[in-house]
Every structure is written in structure tokens, then in C-alpha cells.
>>> print(open('coords-v2.cif').read())   # mmCIF, C-alpha atoms
data_model
#
loop_
_atom_site.label_atom_id
_atom_site.label_comp_id
_atom_site.auth_asym_id
_atom_site.auth_seq_id
_atom_site.Cartn_x
_atom_site.Cartn_y
_atom_site.Cartn_z
CA MET K 1 -9.40 87.95 -215.56
CA ARG K 2 -10.01 89.35 -219.00
CA ARG K 3 -12.82 91.34 -217.58
CA ILE K 4 -10.28 93.54 -215.92
CA THR K 5 -9.29 94.71 -219.31
CA THR K 6 -12.72 95.09 -220.71
CA GLY K 7 -13.74 96.84 -217.57
CA LEU K 8 -10.95 99.21 -218.19
CA LEU K 9 -12.13 99.61 -221.72
CA LEU K 10 -15.46 100.83 -220.52
CA THR K 11 -13.90 103.09 -217.96
CA VAL K 12 -11.84 104.65 -220.64
CA SER K 13 -14.84 104.76 -222.90
CA ALA K 14 -16.51 106.92 -220.37
CA LEU K 15 -13.56 109.22 -220.41
CA VAL K 16 -13.40 109.29 -224.14
CA LEU K 17 -17.04 110.05 -224.39
CA LEU K 18 -16.48 112.77 -221.93
CA PHE K 19 -13.83 114.33 -224.05
CA SER K 20 -15.62 113.72 -227.28
CA TYR K 21 -18.86 115.29 -226.24
CA HIS K 22 -17.51 118.50 -224.88
CA THR K 23 -16.09 119.28 -228.25
CA SER K 24 -19.39 118.82 -229.97
CA THR K 25 -21.73 120.39 -227.45
CA GLU K 26 -21.76 123.33 -225.12
CA GLY K 27 -19.95 121.05 -222.71
CA THR K 28 -17.99 123.57 -220.69
CA SER K 29 -19.38 122.09 -217.52
CA THR K 30 -18.22 118.69 -218.66
CA VAL K 31 -14.68 119.92 -218.97
CA ALA K 32 -14.89 121.41 -215.53
CA SER K 33 -16.12 118.25 -213.92
CA ALA K 34 -13.44 116.23 -215.61
CA ALA K 35 -10.75 118.65 -214.69
CA GLY K 36 -11.65 118.28 -211.07
CA ALA K 37 -10.23 114.81 -211.23
CA ALA K 38 -7.37 115.47 -213.58
CA SER K 39 -3.86 116.67 -213.49
CA ILE K 40 -2.28 118.12 -216.57
CA VAL K 41 0.98 117.26 -218.21
CA ALA K 42 2.43 119.36 -220.97
CA GLY K 43 5.12 117.93 -223.16
CA SER K 44 7.18 115.49 -221.17
CA GLN K 45 7.14 117.43 -217.95
CA THR K 46 4.85 116.35 -215.19
CA ALA K 47 2.79 119.01 -213.57
CA PRO K 48 3.05 119.20 -209.80
CA SER K 49 -0.72 118.68 -209.81
CA VAL K 50 -3.50 121.08 -210.42
CA PRO K 51 -5.70 121.05 -207.35
CA GLU K 52 -8.02 123.85 -208.35
CA SER K 53 -10.48 122.66 -210.91
CA SER K 54 -11.33 126.27 -211.57
CA ARG K 55 -8.05 126.69 -213.38
CA VAL K 56 -9.11 124.29 -216.05
CA ALA K 57 -12.78 125.03 -215.76
CA ALA K 58 -11.95 128.48 -217.04
CA ALA K 59 -10.65 126.97 -220.23
CA PRO K 60 -12.85 127.32 -223.28
CA PRO K 61 -14.72 124.29 -224.56
CA GLY K 62 -12.42 121.80 -226.18
CA PRO K 63 -9.17 120.46 -224.82
CA PRO K 64 -7.65 122.63 -222.17
CA ASP K 65 -5.80 125.52 -223.70
CA PRO K 66 -2.05 125.30 -223.06
CA ARG K 67 -2.20 128.93 -221.98
CA SER K 68 -4.21 127.95 -218.95
CA ILE K 69 -1.48 125.67 -217.69
CA PRO K 70 0.81 126.94 -214.97
CA SER K 71 3.94 128.31 -216.56
CA THR K 72 6.16 125.89 -214.68
CA THR K 73 4.75 123.06 -216.70
CA ARG K 74 4.99 124.65 -220.11
CA THR K 75 7.68 123.43 -222.43
CA THR K 76 9.18 125.53 -225.18
CA ALA K 77 7.04 124.02 -227.90
CA PRO K 78 4.33 121.84 -226.47
CA THR K 79 2.85 120.20 -229.52
CA ASN K 80 0.83 117.65 -227.64
CA LEU K 81 -1.11 118.11 -224.46
CA GLN K 82 -1.60 115.26 -222.07
CA ILE K 83 -4.18 114.99 -219.35
CA ASP K 84 -3.99 112.35 -216.67
CA GLY K 85 -7.25 111.27 -215.14
CA ALA K 86 -7.54 110.63 -211.44
CA VAL K 87 -6.63 107.16 -210.24
CA GLU K 88 -9.94 105.40 -210.28
CA GLU K 89 -10.53 102.60 -207.79
CA THR K 90 -12.60 100.04 -209.60
CA ARG K 91 -13.61 96.66 -208.38
CA ARG K 92 -10.86 95.28 -210.54
CA GLY K 93 -8.20 97.53 -209.08
CA PRO K 94 -6.82 101.00 -209.70
CA VAL K 95 -7.12 102.46 -213.18
CA GLN K 96 -5.69 105.69 -214.50
CA VAL K 97 -5.73 106.92 -218.06
CA ARG K 98 -3.76 109.55 -219.93
CA VAL K 99 -5.33 111.36 -222.87
CA THR K 100 -3.06 112.96 -225.43
CA PHE K 101 -4.41 115.87 -227.42
CA GLN K 102 -3.00 117.38 -230.55
CA GLY K 103 -4.85 120.61 -230.92
CA ALA K 104 -8.51 119.81 -230.55
CA ARG K 105 -8.05 116.21 -231.55
CA ILE K 106 -7.59 113.23 -229.27
CA LEU K 107 -4.48 111.46 -230.44
CA GLU K 108 -4.60 108.57 -228.05
CA VAL K 109 -5.82 107.33 -224.73
CA ASN K 110 -3.42 105.22 -222.76
CA ALA K 111 -3.86 103.42 -219.51
CA ILE K 112 -0.98 104.42 -217.27
CA VAL K 113 -2.22 102.57 -214.21
CA LEU K 114 -3.81 99.18 -214.62
CA PRO K 115 -4.82 96.47 -212.23
CA THR K 116 -1.81 94.21 -212.06
CA GLY K 117 -1.06 91.38 -209.76
CA SER K 118 0.37 88.70 -211.91
CA GLN K 119 2.08 88.22 -215.20
CA ARG K 120 -1.15 86.80 -216.47
CA ASP K 121 -2.87 90.05 -215.65
CA ALA K 122 -0.21 91.95 -217.49
CA ALA K 123 -0.65 89.72 -220.52
CA ILE K 124 -4.37 90.21 -220.42
CA ASN K 125 -4.09 93.91 -220.06
CA ASP K 126 -2.14 93.78 -223.25
CA TYR K 127 -4.81 91.74 -224.92
CA ALA K 128 -7.51 94.32 -225.19
CA VAL K 129 -6.56 97.93 -225.07
CA PRO K 130 -9.38 100.37 -224.81
CA ILE K 131 -9.56 103.14 -227.29
CA LEU K 132 -11.84 106.07 -227.00
CA GLN K 133 -12.68 108.07 -229.85
CA ASP K 134 -13.48 111.61 -230.63
CA GLU K 135 -16.34 112.72 -232.77
CA SER K 136 -14.36 112.22 -235.93
CA VAL K 137 -14.37 108.49 -235.50
CA ALA K 138 -16.42 108.12 -238.63
CA ALA K 139 -13.56 109.66 -240.53
CA GLN K 140 -11.14 107.35 -238.81
CA SER K 141 -13.05 104.28 -239.87
CA ALA K 142 -10.14 103.29 -242.08
CA ASN K 143 -8.45 102.30 -238.85
CA ILE K 144 -11.26 100.00 -237.84
CA ASP K 145 -11.06 96.38 -238.92
CA MET K 146 -14.58 95.27 -238.11
CA VAL K 147 -17.87 96.85 -237.13
CA SER K 148 -20.00 95.29 -234.42
CA GLY K 149 -23.60 96.38 -234.70
CA ALA K 150 -27.16 95.32 -235.13
CA THR K 151 -27.51 92.35 -237.44
CA LEU K 152 -26.67 93.31 -240.98
CA THR K 153 -28.64 91.79 -243.82
CA SER K 154 -27.15 90.57 -247.05
CA GLU K 155 -29.08 93.35 -248.79
CA GLY K 156 -27.76 95.99 -246.42
CA TYR K 157 -24.17 94.87 -246.73
CA ARG K 158 -23.29 96.73 -249.92
CA ALA K 159 -24.09 100.09 -248.37
CA SER K 160 -22.42 99.29 -245.06
CA LEU K 161 -19.27 100.57 -243.52
CA GLN K 162 -18.14 96.96 -243.14
CA SER K 163 -18.24 96.41 -246.90
CA ALA K 164 -16.12 99.51 -247.44
CA ILE K 165 -13.61 98.21 -244.91
CA ASP K 166 -13.59 94.77 -246.53
CA LEU K 167 -12.87 96.35 -249.90
CA ALA K 168 -10.12 98.57 -248.56
CA ARG K 169 -8.41 95.80 -246.59
CA GLY K 170 -8.73 93.29 -249.41
CA LYS K 171 -6.85 95.54 -251.79
CA ARG K 172 -3.78 95.74 -249.64
CA MET O 1 7.68 97.02 -238.24
CA ILE O 2 7.12 93.82 -240.13
CA ALA O 3 5.03 94.19 -243.24
CA GLN O 4 1.55 92.84 -242.80
CA THR O 5 -0.24 90.84 -245.40
CA THR O 6 -3.98 90.61 -245.33
CA LEU O 7 -6.59 88.51 -247.00
CA VAL O 8 -10.29 89.30 -247.02
CA ARG O 9 -13.07 86.97 -248.09
CA VAL O 10 -16.76 87.68 -247.82
CA GLU O 11 -19.63 85.30 -248.44
CA GLN O 12 -23.36 85.58 -247.86
CA ILE O 13 -24.64 82.72 -245.72
CA MET O 14 -27.66 82.49 -243.43
CA GLY O 15 -28.96 85.71 -244.97
CA MET O 16 -26.05 87.80 -243.76
CA PRO O 17 -22.60 88.85 -244.87
CA ILE O 18 -19.74 86.95 -243.29
CA SER O 19 -16.38 88.67 -243.60
CA VAL O 20 -13.13 86.88 -242.80
CA HIS O 21 -9.91 88.83 -242.46
CA LEU O 22 -6.54 87.11 -242.15
CA ALA O 23 -3.40 88.96 -241.16
CA GLY O 24 0.17 87.76 -241.04
CA THR O 25 3.63 88.26 -242.36
CA GLU O 26 3.50 85.73 -245.20
CA PRO O 27 1.36 85.98 -248.33
CA PHE O 28 -1.91 84.07 -248.06
CA ASP O 29 -1.70 82.57 -251.52
CA ASP O 30 -1.00 78.99 -250.47
CA VAL O 31 -3.27 75.99 -250.86
CA THR O 32 -3.56 75.50 -247.10
CA THR O 33 -5.06 78.93 -246.56
CA THR O 34 -7.51 78.52 -249.39
CA ALA O 35 -8.55 75.11 -248.07
CA ALA O 36 -9.05 76.48 -244.55
CA LEU O 37 -11.26 79.32 -245.82
CA ASP O 38 -13.23 76.90 -247.99
CA ALA O 39 -13.74 74.62 -245.00
CA PHE O 40 -14.80 77.56 -242.84
CA PHE O 41 -17.52 78.68 -245.25
CA ASP O 42 -18.54 75.09 -246.06
CA GLN O 43 -19.19 74.46 -242.38
CA LEU O 44 -21.38 77.54 -242.18
CA ARG O 45 -23.36 76.42 -245.22
CA TRP O 46 -23.83 73.08 -243.47
CA VAL O 47 -25.04 74.88 -240.36
CA ASP O 48 -27.54 76.80 -242.49
CA ALA O 49 -28.72 73.63 -244.24
CA THR O 50 -29.17 71.96 -240.87
CA PHE O 51 -30.62 74.67 -238.68
CA SER O 52 -32.31 77.18 -240.99
CA THR O 53 -35.84 78.04 -239.92
CA SER O 54 -36.62 79.72 -243.24
CA ARG O 55 -35.63 76.79 -245.45
CA ALA O 56 -38.24 74.07 -245.76
CA ASP O 57 -35.51 71.58 -246.69
CA SER O 58 -33.46 72.09 -243.52
CA VAL O 59 -33.04 69.29 -241.00
CA LEU O 60 -34.70 71.46 -238.38
CA SER O 61 -37.75 72.02 -240.58
CA GLY O 62 -37.96 68.28 -241.12
CA LEU O 63 -37.83 67.73 -237.37
CA GLY O 64 -40.61 70.26 -236.90
CA ARG O 65 -42.82 68.43 -239.37
CA GLY O 66 -42.06 65.14 -237.68
CA GLU O 67 -40.46 63.75 -240.84
CA VAL O 68 -37.09 63.30 -239.17
CA LEU O 69 -36.30 61.83 -235.78
CA LEU O 70 -33.77 63.50 -233.51
CA ALA O 71 -31.92 60.22 -233.18
CA GLU O 72 -31.39 60.23 -236.95
CA CYS O 73 -29.83 63.69 -236.93
CA HIS O 74 -26.22 64.71 -236.66
CA PRO O 75 -25.18 64.89 -232.98
CA ALA O 76 -24.77 68.65 -233.42
CA VAL O 77 -28.56 68.99 -233.50
CA SER O 78 -28.91 67.58 -230.01
CA GLU O 79 -25.97 69.69 -228.90
CA VAL O 80 -27.64 72.87 -230.12
CA ILE O 81 -30.96 71.98 -228.51
CA GLU O 82 -29.23 71.39 -225.19
CA LEU O 83 -27.28 74.62 -225.51
CA CYS O 84 -30.52 76.51 -226.15
CA PHE O 85 -31.93 75.26 -222.87
CA GLU O 86 -28.70 76.12 -221.12
CA ALA O 87 -28.91 79.62 -222.63
CA GLN O 88 -32.45 79.98 -221.39
CA GLY O 89 -31.29 79.12 -217.89
CA ARG O 90 -28.21 81.33 -217.99
CA THR O 91 -30.26 84.33 -219.12
CA PHE O 92 -33.19 83.66 -216.75
CA GLY O 93 -35.50 83.29 -219.70
CA ALA O 94 -34.47 86.42 -221.56
CA PHE O 95 -33.18 84.11 -224.30
CA ASP O 96 -35.71 81.47 -225.29
CA ALA O 97 -35.55 79.31 -228.40
CA GLU O 98 -39.14 78.20 -227.87
CA VAL O 99 -41.03 81.02 -229.51
CA ALA O 100 -44.71 81.44 -228.69
CA GLN O 101 -46.97 81.56 -231.74
CA PRO O 102 -50.17 83.57 -232.04
CA ASP O 103 -52.21 80.35 -231.86
CA GLY O 104 -50.66 79.48 -228.51
CA ALA O 105 -48.34 76.82 -229.86
CA THR O 106 -44.57 77.12 -229.64
CA ARG O 107 -42.02 76.87 -232.41
CA PHE O 108 -38.40 75.90 -231.78
CA ASP O 109 -36.11 78.57 -233.25
CA PRO O 110 -32.45 78.27 -232.24
CA SER O 111 -31.30 80.95 -234.73
CA GLY O 112 -30.22 83.33 -231.99
CA LEU O 113 -27.72 80.79 -230.72
CA VAL O 114 -26.85 78.91 -233.89
CA LYS O 115 -25.08 81.83 -235.54
CA GLY O 116 -22.56 82.27 -232.73
CA TRP O 117 -22.26 78.55 -232.20
CA GLY O 118 -21.70 77.88 -235.89
CA VAL O 119 -19.19 80.68 -236.49
CA GLU O 120 -17.24 79.76 -233.41
CA ARG O 121 -17.17 76.11 -234.47
CA ALA O 122 -16.15 76.90 -238.05
CA SER O 123 -13.44 79.25 -236.81
CA ALA O 124 -11.46 76.22 -235.66
CA GLN O 125 -10.53 75.92 -239.34
CA LEU O 126 -8.92 79.37 -239.22
CA GLN O 127 -7.22 78.74 -235.90
CA ARG O 128 -5.30 75.91 -237.56
CA LEU O 129 -3.54 78.34 -239.90
CA GLU O 130 0.01 78.83 -238.71
CA HIS O 131 1.39 82.33 -238.31
CA ALA O 132 -2.01 83.85 -239.00
CA SER O 133 -4.33 86.08 -237.04
CA TRP O 134 -7.98 85.89 -238.01
CA CYS O 135 -11.10 87.92 -237.42
CA VAL O 136 -14.64 87.07 -238.50
CA ASN O 137 -17.60 89.43 -238.69
CA ALA O 138 -20.89 87.56 -239.01
CA GLY O 139 -23.50 90.21 -239.71
CA GLY O 140 -22.28 92.47 -236.91
CA ASP O 141 -21.00 89.94 -234.40
CA VAL O 142 -17.24 89.66 -234.32
CA VAL O 143 -14.81 86.99 -233.12
CA ALA O 144 -11.03 86.97 -233.39
CA GLY O 145 -8.15 84.64 -232.66
CA SER O 146 -4.59 83.95 -233.64
CA ASN O 147 -1.97 81.33 -234.06
CA ALA O 148 0.81 83.83 -234.71
CA ASP O 149 3.76 84.67 -232.50
CA GLU O 150 2.74 88.29 -232.60
CA PRO O 151 -1.05 88.30 -232.85
CA LYS O 152 -2.67 91.18 -234.66
CA ARG O 153 -4.72 93.48 -232.48
CA TRP O 154 -7.97 93.88 -234.32
CA ARG O 155 -9.83 97.14 -233.91
CA ILE O 156 -13.53 96.46 -233.48
CA GLY O 157 -15.75 99.50 -233.79
CA ILE O 158 -19.01 99.46 -231.84
CA GLU O 159 -21.62 101.00 -234.09
CA ASP O 160 -23.67 103.98 -232.99
CA PRO O 161 -27.28 102.81 -233.46
CA THR O 162 -28.40 106.37 -234.16
CA ASP O 163 -25.86 106.79 -236.97
CA THR O 164 -24.47 103.52 -238.23
CA ASN O 165 -21.51 105.18 -239.89
CA ARG O 166 -20.28 106.36 -236.52
CA MET O 167 -18.74 104.39 -233.71
CA LEU O 168 -19.53 104.60 -230.01
CA ALA O 169 -16.21 103.03 -229.07
CA VAL O 170 -13.42 100.90 -230.41
CA VAL O 171 -12.22 97.69 -228.79
CA GLU O 172 -8.79 96.30 -229.59
CA LEU O 173 -8.37 92.60 -229.09
CA THR O 174 -6.27 89.70 -230.25
CA ASP O 175 -8.78 87.05 -229.29
CA GLY O 176 -12.29 87.19 -227.99
CA ALA O 177 -15.69 88.32 -229.19
CA VAL O 178 -17.84 91.43 -229.50
CA ALA O 179 -21.56 90.94 -230.16
CA THR O 180 -24.22 93.58 -230.61
CA SER O 181 -27.96 93.19 -230.59
CA GLY O 182 -30.13 96.02 -231.73
CA ARG O 183 -32.72 97.41 -234.05
CA ALA O 184 -30.64 99.49 -236.42
CA HIS O 185 -30.68 97.35 -239.56
CA ARG O 186 -33.67 95.05 -239.27
CA GLY O 187 -36.19 97.00 -237.27
CA SER O 188 -37.64 95.81 -233.99
CA HIS O 189 -36.84 92.14 -234.32
CA ILE O 190 -36.13 91.31 -230.68
CA ILE O 191 -39.12 89.88 -228.85
CA ASP O 192 -39.11 89.63 -225.07
CA PRO O 193 -39.95 85.95 -224.52
CA LEU O 194 -41.28 86.75 -221.07
CA THR O 195 -43.91 89.20 -222.34
CA GLY O 196 -44.22 88.27 -226.00
CA ARG O 197 -43.82 91.92 -226.93
CA PRO O 198 -40.99 93.68 -228.77
CA ALA O 199 -38.14 94.62 -226.49
CA ASP O 200 -37.71 98.31 -227.20
CA SER O 201 -36.04 99.74 -224.12
CA VAL O 202 -32.64 99.77 -225.81
CA LEU O 203 -31.34 100.83 -229.22
CA SER O 204 -28.40 98.49 -228.96
CA ALA O 205 -26.70 96.21 -226.48
CA THR O 206 -23.08 95.16 -226.93
CA VAL O 207 -21.35 92.45 -224.94
CA ILE O 208 -17.61 91.78 -224.95
CA GLY O 209 -16.41 88.37 -223.84
CA PRO O 210 -14.20 85.40 -224.59
CA THR O 211 -16.54 83.30 -226.79
CA LEU O 212 -18.83 84.39 -229.60
CA MET O 213 -21.72 82.06 -228.79
CA TRP O 214 -22.22 83.20 -225.21
CA THR O 215 -21.36 86.80 -225.95
CA ASP O 216 -24.05 86.78 -228.65
CA VAL O 217 -26.62 85.06 -226.43
CA TYR O 218 -25.92 87.53 -223.63
CA ALA O 219 -26.21 90.50 -226.01
CA THR O 220 -29.64 89.26 -227.11
CA ALA O 221 -30.69 88.82 -223.51
CA LEU O 222 -29.34 92.22 -222.55
CA ALA O 223 -31.29 93.86 -225.37
CA VAL O 224 -34.41 92.26 -223.90
CA ARG O 225 -33.66 93.19 -220.32
CA GLY O 226 -32.41 96.67 -221.07
CA SER O 227 -29.94 98.61 -218.99
CA ASN O 228 -31.34 96.88 -215.89
CA GLY O 229 -29.51 93.80 -217.13
CA LEU O 230 -26.10 95.40 -216.75
CA ALA O 231 -25.70 94.27 -213.16
CA TRP O 232 -26.25 90.75 -214.39
CA ILE O 233 -23.56 91.08 -217.08
CA ASP O 234 -21.29 92.61 -214.47
CA SER O 235 -21.69 89.47 -212.38
CA LEU O 236 -20.45 87.26 -215.23
CA PRO O 237 -16.70 86.60 -215.24
CA GLU O 238 -14.89 87.93 -218.29
CA HIS O 239 -17.84 89.83 -219.74
CA ASP O 240 -18.62 93.50 -220.03
CA ALA O 241 -21.29 95.47 -221.81
CA LEU O 242 -22.26 98.77 -223.35
CA VAL O 243 -25.91 99.69 -223.80
CA MET O 244 -27.57 102.64 -225.52
CA ASP O 245 -31.15 102.92 -224.32
CA SER O 246 -34.09 104.22 -226.32
CA ASP O 247 -33.42 107.73 -225.02
CA GLU O 248 -29.92 107.50 -226.55
CA VAL O 249 -28.37 107.31 -223.11
CA LEU O 250 -25.28 105.16 -222.70
CA HIS O 251 -24.84 102.68 -219.89
CA SER O 252 -22.02 100.26 -219.22
CA THR O 253 -20.99 97.71 -216.66
CA LEU O 254 -18.63 100.22 -215.11
CA LEU O 255 -20.14 103.63 -215.51
CA HIS O 256 -22.71 103.13 -212.82
CA SER O 257 -20.10 102.31 -210.25
CA THR O 258 -17.32 104.78 -210.89
CA LEU O 259 -16.64 108.42 -210.44
CA LEU O 260 -16.51 108.76 -214.20
CA ARG O 261 -20.25 108.52 -214.25
CA THR O 262 -20.56 112.06 -213.06
CA THR O 263 -18.45 113.27 -215.93
CA LEU O 264 -20.88 111.65 -218.31
CA LEU O 265 -23.84 113.55 -216.96
CA THR O 266 -24.33 115.74 -219.97
CA PRO O 267 -27.79 116.56 -221.23
CA SER O 268 -27.02 114.91 -224.51
CA LEU O 269 -26.05 111.60 -222.93
CA LEU O 270 -27.98 111.02 -219.76
CA ALA O 271 -31.65 111.33 -219.04
CA PRO O 272 -32.71 113.80 -216.36
#
>>> encode(input="coords-v2.cif", output="C-alpha cells")
Amino acid sequence: MRRITTGLLLTVSALVLLFSYHTSTEGTSTVASAAGAASIVAGSQTAPSVPESSRVAAAPPGPPDPRSIPSTTRTTAPTNLQIDGAVEETRRGPVQVRVTFQGARILEVNAIVLPTGSQRDAAINDYAVPILQDESVAAQSANIDMVSGATLTSEGYRASLQSAIDLARGKR
Amino acid sequence: MIAQTTLVRVEQIMGMPISVHLAGTEPFDDVTTTAALDAFFDQLRWVDATFSTSRADSVLSGLGRGEVLLAECHPAVSEVIELCFEAQGRTFGAFDAEVAQPDGATRFDPSGLVKGWGVERASAQLQRLEHASWCVNAGGDVVAGSNADEPKRWRIGIEDPTDTNRMLAVVELTDGAVATSGRAHRGSHIIDPLTGRPADSVLSATVIGPTLMWTDVYATALAVRGSNGLAWIDSLPEHDALVMDSDEVLHSTLLHSTLLRTTLLTPSLLAP
């Protein structure tokens, strides 16, 4: 049953990669294709739904510009912008994620629809939450506890990100 | 928010760094914690002394020279040998501890399984610690667990093989394992046992699953089989995978089957 969660992780990874790459490359087409399956929420108000992908496709590269959002969904001071992905039917059940932007930066990716069916499922969904990262993940490495990668040698350790993390965590 | 205390200890065993992080709400300055960490690392040193293929004085080397009989060895030696054969079966030969030599002979090298097996086994020492969450990184393969009421959610970064200071993704987990097999730090060290040639169709293969030993074995096998092996991982309960192939294209156990795949079709990520 855990695989439900890790499956979700990878689903969300795809989405995160989607959002991370359009900020670093030409990527306008990526935004457009994503927007086709997304509705947009500004502030705490829920958009009625944005059927025309062209509305968002017209947005410049990077997170959709608040100005492109229908005025009915704009709040007085929308600091964060949230985009809900389409409900994705996976073999493990329906999955939907919400990405929160602050400016051009992805603040967080939350699953708002998860496969549930039992309390156990709910507990497992809590066990491994997928996080997608933007291109500044290297800079966010302070928030990473461990690095999984190709086998590190004893010699390579001193120059590794893991050793920096070990040092930083050990000092706390 | 309850204040977290952490303790980090790193030792070099089996030629790789092994980092242990403990997290909890009480200081880790008690004798019990120190004893548990000592026991953890002592067990790994025992594993190295028993199974090392590079040390002439290891039990395994003695077995290879015929100086020691299997019946005289610690039962763990037989256990590991049996697990290696089980791993060969589970991976359809993509993991094989019997390594072909240039002269046609075979050498028994369980290293690819022993690391995960040993770390998982030694981690029982950490699991005994009350009110503590623990996470171990053994040279790039990570396993976590907890005995605390509110387990810490460890953030495990999956390294980008093209830039090892960047992450491809981050997994949060309270217990379970993340293992990556790849070429980034040691060159092309993965040999396809079925062809005898280096497996170079992927830059890295990461598997996420409940136990370190099998997750690690599967990651090795996936690196050999390449992205074609994803359907196999997908068929395994409780396991998922992320692969970057030699063209720097990402594949996962879900991307090929969901609508999200189309959103990943950028020139920089997917091959034509």
C-alpha cells in the first residue's frame, strides 16, 4: 500500500519537473500544456475553472502571471498563486496536486486528492509526502537531511553535499 | 512546535561514509544512545571483516581460498549466500553475486547485497532507542525508521547525476529506504552480469521501497536493465523508481502511464 504514496511522489515529481523546467528553459509550450489540465486558484478563492488553456498559455514563461487570471478570482492582494492540477486517474486511484507559487518560486506542492480507502491508506499517505523542487533546490539543500546518489567513496565524502549536511545538522 | 534535538555521527566503514542522524525531543547525551551508536557501527565493522572482498583477512576471502569451511562460519554467511541467490532470481539475473572473471572462472562477490543487508541489520540497534527517529546514509543509500510518537519526516534528496550538488527530487519519509545506483562518483562500476559488459544505458537508477536491502538490490538491477526495467519495478508491491538515462532523460514508474507524461515532453528532458 505504500506504493500508493510513492507513486504519488513520482506523479508529483513529474509536475514539479514540469514547473521547474519551464522557468529555466524556453518552456512556454510546457506551461501551455500544463495549463490545459489545470485550474487556477488565487488567494483563498477558488476559480470557477479555466477551460481555455489559451488563457494561461498566453502567460509569459514562469508561473502564470496573476494578471492573466479572470478578475473574478483575483483577491485584493494575492501574495501566493495556487494552481490545481487535473485529477489524475492512476492505477492507485485519483491524484490531484496543488502547487503554490510565491512570485517565480514554488513554495510547496501539496496533494489535495489522494487515493484513500482505509485509515491505513490515510496513514500511509502521510508517511511519504512528495516534494517537487524548483531549480533552486541546490540552494535549498539545507532543508535536505540525506542525499541518495551513486555510491560515495570515503575519499569523495569530504567534498560532498552530504558531508556539508552532516556538519550543519551536527552543530545544532 | 517541539524543539528538535539532533545527533550526527559519521564513520568510514567498507570504504564509504556512513552517516547516522538521530532526531528527537530529548538530548542524545545519555549512555544508552552512545551504546546504541557504538553497537551500530561495531556491527558494520563486523560485516566488513566478514564479507569484505578487498581484505585478504576476511572470512569470505578465507572461504574463497578454501581455508575456511562454510559450516565453520557464522550463520550470517550462509544467510547472505542464500539471499544472493534469491536476489538473482528476483531480478531475473540482473543482480548476480557470481562474477565472471576474464579467465572464465567465477568469483563470489556479495558486496552489492551485503551493504544493504548489513546496514538494515545494524539499524535494529537504532530502532531500540526510545523516542528517537533515525536515518542512515550508507554511501548514498538511505534508510530511516522511528520509535517516536511523532516520527520525524526525513527529507531525502535524490541526486542529479549530471550535477551532484543538485537534486532531481526530494522524498519525505518516516520509515523506508531510498537507494540509488549510478556512475556519478565511481565511474562505470556496474557490470551487466548477463553480457559481462558495463551497463551504461542509465546515469542513475533510484528505487524507493520499504527495506534497504531489496531497494538497493533492485536499484542495482534497474541500473543494469535501464528504463526498460521500470515496468518490472512497477509490478513490485511497495516499490517505485526514478531513472535518468544516458541521454539525461527522466523515466519513472508512473510517468509512462499518466497524462503528466505529455507535460514532461520538453526537449531538455525527453529524447525525440
>>> resolve_selection(input="coords-v2.cif", expression="the PyMOL selection byres ((chain K and resi 149-151) around 7)", output="list in words")
Val147, Ser148, Leu152 and Thr153 of chain K; Gly139, Gly140, Asp141, Ile158, Glu159, Thr180, Ser181, Gly182, Arg183, Ala184, His185 and Arg186 of chain O
>>> residues_near_point(input="coords-v2.cif", point="(-26.0, 90.9, -249.4)", cutoff="10 Å", atoms="all atoms listed in the file", output="list in words")
Leu152, Thr153, Ser154, Glu155, Gly156, Tyr157, Arg158, Ala159 and Ser163 of chain K; Val10, Glu11, Gln12, Ile13, Gly15, Met16, Pro17 and Ile18 of chain O
>>> resolve_selection(input="coords-v2.cif", expression="the PyMOL selection byres ((chain K and resi 165-170) around 12)", output="JSON, numbers by chain")
{"K": [140, 141, 142, 143, 144, 145, 146, 147, 157, 158, 159, 160, 161, 162, 163, 164, 171, 172], "O": [4, 5, 6, 7, 8, 9, 10, 11, 17, 18, 19, 20, 21, 22, 23, 28, 135, 136, 137, 155, 156, 157, 165]}
>>> atom_distance(input="coords-v2.cif", atom1="atom CA of O:Ser235", atom2="atom CA of O:Ser252")
12.8 Å
>>> residues_around(input="coords-v2.cif", residues="O:Glu120", least_positions_apart="3", cutoff="9 Å", atoms="only C-alpha atoms", output="PyMOL selection string")
chain O and resi 115-117+123-124+143+211-213
>>> resolve_selection(input="coords-v2.cif", expression="the PyMOL selection byres ((chain O and resi 236) around 12)", output="count of residues only")
27
>>> residues_around(input="coords-v2.cif", residues="O:Leu70", least_positions_apart="4", cutoff="12 Å", atoms="all atoms listed in the file", output="ChimeraX atom specification")
/O:59-66,74-81
>>> atom_distance(input="coords-v2.cif", atom1="atom CA of O:Thr53", atom2="atom CA of O:Ile191")
16.5 Å
>>> decode(input="coords-v2.cif", residues="stretch 197-223 of chain O", atoms="C-alpha atoms", output="PDB file, in the first residue's frame")
ATOM      1  CA  ARG O 197      29.839  -5.537 -20.221  1.00  0.00           C
ATOM      2  CA  PRO O 198      29.379  -2.245 -18.353  1.00  0.00           C
ATOM      3  CA  ALA O 199      25.753  -1.253 -18.021  1.00  0.00           C
ATOM      4  CA  ASP O 200      25.743   2.259 -19.399  1.00  0.00           C
ATOM      5  CA  SER O 201      22.180   2.885 -20.526  1.00  0.00           C
ATOM      6  CA  VAL O 202      21.397   4.895 -17.401  1.00  0.00           C
ATOM      7  CA  LEU O 203      23.175   7.631 -15.445  1.00  0.00           C
ATOM      8  CA  SER O 204      21.339   6.712 -12.281  1.00  0.00           C
ATOM      9  CA  ALA O 205      18.544   4.497 -11.069  1.00  0.00           C
ATOM     10  CA  THR O 206      16.747   5.201  -7.802  1.00  0.00           C
ATOM     11  CA  VAL O 207      14.342   2.826  -6.100  1.00  0.00           C
ATOM     12  CA  ILE O 208      12.091   3.713  -3.172  1.00  0.00           C
ATOM     13  CA  GLY O 209      10.767   0.897  -1.022  1.00  0.00           C
ATOM     14  CA  PRO O 210      10.233  -0.428   2.476  1.00  0.00           C
ATOM     15  CA  THR O 211      13.571  -2.207   3.084  1.00  0.00           C
ATOM     16  CA  LEU O 212      17.098  -1.085   2.283  1.00  0.00           C
ATOM     17  CA  MET O 213      18.442  -4.458   1.188  1.00  0.00           C
ATOM     18  CA  TRP O 214      15.858  -5.123  -1.510  1.00  0.00           C
ATOM     19  CA  THR O 215      15.611  -1.495  -2.527  1.00  0.00           C
ATOM     20  CA  ASP O 216      19.380  -1.480  -3.056  1.00  0.00           C
ATOM     21  CA  VAL O 217      19.377  -4.786  -4.949  1.00  0.00           C
ATOM     22  CA  TYR O 218      16.555  -3.564  -7.168  1.00  0.00           C
ATOM     23  CA  ALA O 219      18.348  -0.256  -7.838  1.00  0.00           C
ATOM     24  CA  THR O 220      21.429  -2.184  -8.976  1.00  0.00           C
ATOM     25  CA  ALA O 221      19.303  -4.388 -11.199  1.00  0.00           C
ATOM     26  CA  LEU O 222      17.439  -1.407 -12.589  1.00  0.00           C
ATOM     27  CA  ALA O 223      20.708   0.313 -13.460  1.00  0.00           C
TER      28      ALA O 223
END
